[in-house]
Amino acid sequence: MSLINPTLVLNCGSSSLKYALISEDGETRIEGLAEALGNTDARIKHKNLDGSKVDINIPNSGAHTEALQIILGDLIKEYQPVAVGHRVVHGGDKFTKATVINEEVLATIEELATLAPLHNPANALGIKAINDIYPKLPQVAIFDTAFHQTMPAHAYRYAVPKQLYTDHQIRRYGFHGTSHNYVSNRASKLTTQDGDKGWLVAHLGNGCSATAVYNGKSMDTSMGITPLEGLMMGTRSGDIDPSFHLHIHRTLGLSLEEVDTLLNKKSGLLGVSGVSNDMRILEQAAAEGNQDAILSLEMFAYRVAKYLLSLTAGLPVLTGVAFTGGIGENGADMRGKIVAHLKHLGAKIDTAKNDALIRGAEGSFHADDSAIELWVIPTDEEYQIMSETREILGL
Ligand code: AMP
């Protein structure tokens, strides 16, 4: 096994850094995670090419640059990356595709922190760290929002005064774009149907979103100006009456920030069940008869289905639904619950196939007489970032 002309893929959070070094054919990779960056227990969990694992402490509360120095100068030193692809969360309406990073692009990514205050500054940190260590290495930004820039205005505009859009860029952006792009592409390759393809992609993990994709273009998506809108998630509420903030402020005296924390961190599966945001724990609690856990699962399934049905409005044809993310890839019971609500689409499950699709397996699970296809497609955002990076650089 060896890594030919590898691309380094980086996903930087404020105190973490996920990395993968992927060969040009996408077949082999080294990967790892640096976490607790900036803290005394900063460490790297690294997986070698042969699958063996090492844990390394980063001395002196190392941050992104120190972590990358250890990764590049030690852990993967025998392989020189040909380029770096960065996951960047918000590209606003400035970036519609993968973009080669220069000083101006970096400055724009930093300016867009107004739209993604937790993410874009961390993404910029990773870019600067590579600049410090390998100033000549080409770097490319792959934006979570870029894939959704093909949405028509009637899908991305909010029904609020026009100036909020023209002067303040208030609109639906959508997220998880790299995943929706990869999964819809893969579904179009796997289906035996010819002609135009319309997919509903359900990315169901701790964060959840659904997208309507027609011939490779995002037509509409559930997340909005921030990732809070749309589906019920692990700890996020998803859609809620916009007067909720005011009502809770008036009745309970919570501040805007407190309501924001409530909706982002204390709601969703966790909030409704009072048990956990983790689907596996909830399924266990439901099996033991916990009524709140049972309700949280029913709500989750119903709301995913309701969104999928509404997104069909954005598709000229419907080929099928593709499930991905930790829940979409592993939660056979949850997939079954969701598809049961899609009866008016004529969706029918092959139960044995559905049950077999877990732990990274890829395949279809529709019955022979189903009107639409049903797929499980494990997402691979790192692969997608690698291939978009190479494509834009002409490698
Ligand atoms: P992600 O954010 O994509 O890593 O997904 C995390 C979610 O996937 C959590 O809610 C997990 O409980 C869920 N998940 C992982 N494995 C399973 C499984 N075997 N069955 C049901 N849900 C799972």
# chains A, B, ... in the order shown; residues from 1 in each chain; ligands from 1
$ residues_around --residues "Asp194 in chain A" --least-positions-apart "4" --cutoff "12 Å" --atoms "only C-alpha atoms" --output "list of chain:residue names"
A:Ser188, A:Lys189, A:Leu190, A:Gly198, A:Asn215, A:Thr319
$ residues_near_ligand --ligand "ligand 1" --cutoff "10 Å" --atoms "only C-alpha atoms and all ligand atoms" --output "PDB file with C-alpha atoms, in the first residue's frame"
ATOM      1  CA  HIS A 203     -28.138  13.535   5.905  1.00  0.00           C
ATOM      2  CA  LEU A 204     -29.041  12.314   9.383  1.00  0.00           C
ATOM      3  CA  GLY A 205     -26.298  12.546  11.986  1.00  0.00           C
ATOM      4  CA  ASN A 206     -26.039  14.679  15.074  1.00  0.00           C
ATOM      5  CA  GLY A 207     -26.722  17.526  12.643  1.00  0.00           C
ATOM      6  CA  CYS A 208     -29.462  16.721  10.127  1.00  0.00           C
ATOM      7  CA  MET A 233     -31.506  17.103  15.201  1.00  0.00           C
ATOM      8  CA  GLY A 234     -29.501  15.681  18.108  1.00  0.00           C
ATOM      9  CA  THR A 235     -29.669  18.866  20.188  1.00  0.00           C
ATOM     10  CA  LEU A 269     -33.805  14.482  20.425  1.00  0.00           C
ATOM     11  CA  SER A 276     -29.830  11.653  25.197  1.00  0.00           C
ATOM     12  CA  ASN A 277     -29.063  13.091  21.781  1.00  0.00           C
ATOM     13  CA  ASP A 278     -27.648   9.705  20.742  1.00  0.00           C
ATOM     14  CA  MET A 279     -29.966   7.602  18.586  1.00  0.00           C
ATOM     15  CA  ARG A 280     -28.571   4.302  19.906  1.00  0.00           C
ATOM     16  CA  ILE A 281     -29.244   5.252  23.539  1.00  0.00           C
ATOM     17  CA  LEU A 282     -32.725   6.477  22.629  1.00  0.00           C
ATOM     18  CA  GLU A 283     -33.600   3.272  20.803  1.00  0.00           C
ATOM     19  CA  GLN A 284     -32.490   1.334  23.879  1.00  0.00           C
ATOM     20  CA  THR A 324     -26.531   9.074   4.927  1.00  0.00           C
ATOM     21  CA  GLY A 325     -24.900  10.269   8.204  1.00  0.00           C
ATOM     22  CA  GLY A 326     -24.541   8.193  11.385  1.00  0.00           C
ATOM     23  CA  ILE A 327     -28.303   7.620  11.719  1.00  0.00           C
ATOM     24  CA  GLY A 328     -29.008   7.375   7.981  1.00  0.00           C
ATOM     25  CA  GLU A 329     -26.204   4.827   7.525  1.00  0.00           C
ATOM     26  CA  ASN A 330     -26.834   2.694  10.618  1.00  0.00           C
ATOM     27  CA  GLY A 331     -30.339   3.265  11.897  1.00  0.00           C
ATOM     28  CA  ALA A 332     -32.303   0.633   9.981  1.00  0.00           C
ATOM     29  CA  ASP A 333     -35.299   0.993  12.329  1.00  0.00           C
ATOM     30  CA  MET A 334     -35.329   4.753  11.906  1.00  0.00           C
ATOM     31  CA  ARG A 335     -35.098   4.431   8.105  1.00  0.00           C
ATOM     32  CA  ILE A 358     -25.335  -0.943   8.531  1.00  0.00           C
ATOM     33  CA  ARG A 359     -21.725  -0.151   9.420  1.00  0.00           C
ATOM     34  CA  PRO A 378     -22.175   6.279   3.464  1.00  0.00           C
ATOM     35  CA  THR A 379     -21.013   9.846   3.050  1.00  0.00           C
TER      36      THR A 379
END
$ closest_residue --among "A:Glu382, A:Glu27, A:Asp260, A:Asp220" --to "Ala313 in chain A" --atoms "only C-alpha atoms"
A:Asp220
$ select_by_dssp --residues "range 178-287 of chain A" --states "alpha helix (DSSP H)" --output "ChimeraX atom specification"
/A:178-190,244-252,256-265,268-273,279-287
$ residues_around --residues "Asp25 in chain A" --least-positions-apart "4" --cutoff "12 Å" --atoms "only C-alpha atoms" --output "mmCIF file with N, CA, C and O atoms, in the first residue's frame"
data_model
loop_
_atom_site.group_PDB
_atom_site.id
_atom_site.type_symbol
_atom_site.label_atom_id
_atom_site.label_comp_id
_atom_site.auth_asym_id
_atom_site.auth_seq_id
_atom_site.Cartn_x
_atom_site.Cartn_y
_atom_site.Cartn_z
ATOM 1 N N SER A 2 0.523 2.200 -0.816
ATOM 2 C CA SER A 2 1.243 3.461 -0.715
ATOM 3 C C SER A 2 0.325 4.601 -1.138
ATOM 4 O O SER A 2 -0.744 4.389 -1.701
ATOM 5 N N LEU A 3 0.768 5.790 -0.823
ATOM 6 C CA LEU A 3 -0.052 6.959 -1.111
ATOM 7 C C LEU A 3 0.573 7.720 -2.270
ATOM 8 O O LEU A 3 1.602 8.360 -2.102
ATOM 9 N N ILE A 4 -0.051 7.650 -3.439
ATOM 10 C CA ILE A 4 0.494 8.335 -4.605
ATOM 11 C C ILE A 4 -0.111 9.737 -4.687
ATOM 12 O O ILE A 4 -1.326 9.890 -4.640
ATOM 13 N N ASN A 5 0.754 10.738 -4.847
ATOM 14 C CA ASN A 5 0.313 12.143 -4.986
ATOM 15 C C ASN A 5 -0.825 12.500 -4.039
ATOM 16 O O ASN A 5 -1.896 12.917 -4.470
ATOM 17 N N PRO A 6 -0.589 12.361 -2.727
ATOM 18 C CA PRO A 6 -1.718 12.529 -1.804
ATOM 19 C C PRO A 6 -2.151 13.987 -1.609
ATOM 20 O O PRO A 6 -1.339 14.904 -1.730
ATOM 21 N N THR A 7 -3.430 14.148 -1.316
ATOM 22 C CA THR A 7 -3.986 15.454 -0.954
ATOM 23 C C THR A 7 -4.283 15.427 0.535
ATOM 24 O O THR A 7 -4.824 14.446 1.046
ATOM 25 N N LEU A 21 -5.062 12.167 4.730
ATOM 26 C CA LEU A 21 -4.140 12.263 3.603
ATOM 27 C C LEU A 21 -4.584 11.166 2.639
ATOM 28 O O LEU A 21 -4.541 9.982 2.960
ATOM 29 N N ARG A 29 -5.822 5.943 2.477
ATOM 30 C CA ARG A 29 -5.737 7.170 3.250
ATOM 31 C C ARG A 29 -5.162 6.939 4.649
ATOM 32 O O ARG A 29 -5.285 5.850 5.213
ATOM 33 N N TYR A 383 -13.300 12.450 0.782
ATOM 34 C CA TYR A 383 -13.083 12.081 -0.623
ATOM 35 C C TYR A 383 -13.557 13.209 -1.544
ATOM 36 O O TYR A 383 -12.887 13.598 -2.492
ATOM 37 N N GLN A 384 -14.735 13.738 -1.224
ATOM 38 C CA GLN A 384 -15.306 14.810 -2.050
ATOM 39 C C GLN A 384 -14.390 16.041 -2.044
ATOM 40 O O GLN A 384 -14.142 16.656 -3.086
ATOM 41 N N MET A 386 -11.171 16.049 -1.420
ATOM 42 C CA MET A 386 -9.964 15.687 -2.177
ATOM 43 C C MET A 386 -10.232 15.836 -3.675
ATOM 44 O O MET A 386 -9.451 16.467 -4.398
ATOM 45 N N SER A 387 -11.352 15.305 -4.164
ATOM 46 C CA SER A 387 -11.533 15.338 -5.619
ATOM 47 C C SER A 387 -11.825 16.754 -6.121
ATOM 48 O O SER A 387 -11.343 17.135 -7.186
ATOM 49 N N ARG A 390 -8.408 18.588 -6.254
ATOM 50 C CA ARG A 390 -7.591 18.196 -7.411
ATOM 51 C C ARG A 390 -8.157 18.771 -8.705
ATOM 52 O O ARG A 390 -7.425 19.238 -9.564
ATOM 53 N N LEU A 395 -5.048 18.877 -11.176
ATOM 54 C CA LEU A 395 -4.077 17.811 -10.862
ATOM 55 C C LEU A 395 -4.534 16.461 -11.416
ATOM 56 O O LEU A 395 -5.708 16.219 -11.562
#
